[in-house]
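Engineer: Take this structure, written in structure tokens, and hold onto it; I'll ask about it next.
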Amino acid sequence: MSGRICYIDGDFLPIDQASISILDRGLLLADSVYEVLRVENGTIFRSGQHYRRMMRGLEALAIATPCAESQFSSLCDELAQRNGIEQGSVYLQVTRGATERTHLVPRNIQPTLLGFASSADLPKWKDQGGSVGVITVSDTRWSHCGIKTTMLLPNSLAKQRANDAGAYEAVFVSEEAFVREGASTNVFVVLDGALHTHPTDGRILPGVTRAIVLDLARREGIATKEEAVRVEHLRKAGEMFLTGTTTDVAPVSTIDGVTFGGHAPGPITERLITRFAALLEAETAPAGR
Ligand code: PDD
């Protein structure tokens with residue numbers, strides 16, 4: 001829509017001239033919160049309640065506060081006014097800010113504050129027959145872990161918790177106590193002589209490295225089982241390792257601060273580390289080297 005004015009980090013400007021950093025964590029990791037406020041008769045409705053909810057979200061995520069309540073409300077007013085909105089909504093979003101992409105939660109970075117206003121006859125159902133229909137769906141929010149979406153906020157928060165505890169990775173465990181995967185890795189466990197990893201049933205990301213390692217293991221004659229392992233079985237596991245594009249094959253030596261199994265890497269992990277490194281080198285070495 002031409003002539004529409006938006007706001008970004010201190011400036012009001014035409015919406016088609018606005019830009020944010022390609023490294024903004026709101027874009028890369030969904031590391032942000034937002035509010036939508038109702039505009040009626042050109043006036044923002046209940047701005048204070050929206051501000052307080054936004055603040056609760058920002059505090060929970062340890063994102064810096066971008067503005068005081070009075071600035072928040074005057075920003076909403078100004079967006080509505082500059083866009084001539086009589087009835088519609090104002091959208092505001094605060095992201096953690098822009099920095100080099102990392103799952104860890106960066107400290108002391110400048111949050112990004114952006115907003116725009118939209119004109120609409122609200123609520124829309126009034127024009128659509130005066131009542132509404134619904135359907136029922138199972139609550140699968142968010143259980144589509146097999147899709148490599150950028151909805152990485154839970155992963156990022158978990159990775160930071162691991163880092164705070166002096167660990168490399170956080171391993172997600174389901175409500176039914178099954179080991180799923182790491183925040184940015186897949187998990188393998190050697191149990192009763194067989195290499196176990198979670199099946200690709202939508203509850204984990206089907207890692208490229210996971211598939212390569214399973215293939216290498218089969219070629220090595222190692223028994224493999226794509227079956228979920230219960231968390232209580234981790235401690236009796238002989239070996240455990242993580243896989244991922246930026247991790248390769250990483251042996252695990254401690255779980256929740258407790259050393260488990262024998263010396264890491266164990267024999268199966270060591271074989272797979274060696275095979276994976278050889279494969280990586282073979283497929284990437286410049287010709288003639
Ligand atoms: N992440 N599980 C999750 C949740 C991941 O985000 C990743 C990779 C993996 C391992 O998949 P692959 O072997 O294809 O890298 C498993 C990338 C490295 C990232 O977000 O940086």
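Going by the structure tokens order, chains are called A, B, ..., each with residues numbered from 1, while ligands are numbered from 1 in the order shown.
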Taking only C-alpha atoms and all ligand atoms into account, list the residues no farther than 8 Å from ligand 1, as number ranges by chain.

Structural biologist: A: 102-103, 145, 148, 152, 155, 181-186, 204-211, 243-248

Engineer: What's the 10 Å shell around A:Arg96, counting only C-alpha atoms, without same-chain residues fewer than 5 positions away, as a PyMOL selection string?

Structural biologist: chain A and resi 24-26+29-33+58+61-66+105-113

Engineer: If you run DSSP over the backbone, which residues in stretch 12-249 of chain A end up strand (DSSP E or B)? Put them as a PyMOL selection string.

Structural biologist: chain A and resi 12-14+24+32-40+43-44+88-95+98+112-119+171-173+178-182+186-191+194-197+224-225+230+239-244+248-249

Engineer: Rounded to one decimal place, report the atom CA of A:Gly115-atom CA of A:Gln87 distance in Å.

Structural biologist: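 These two atoms are separated by 16.6 Å.
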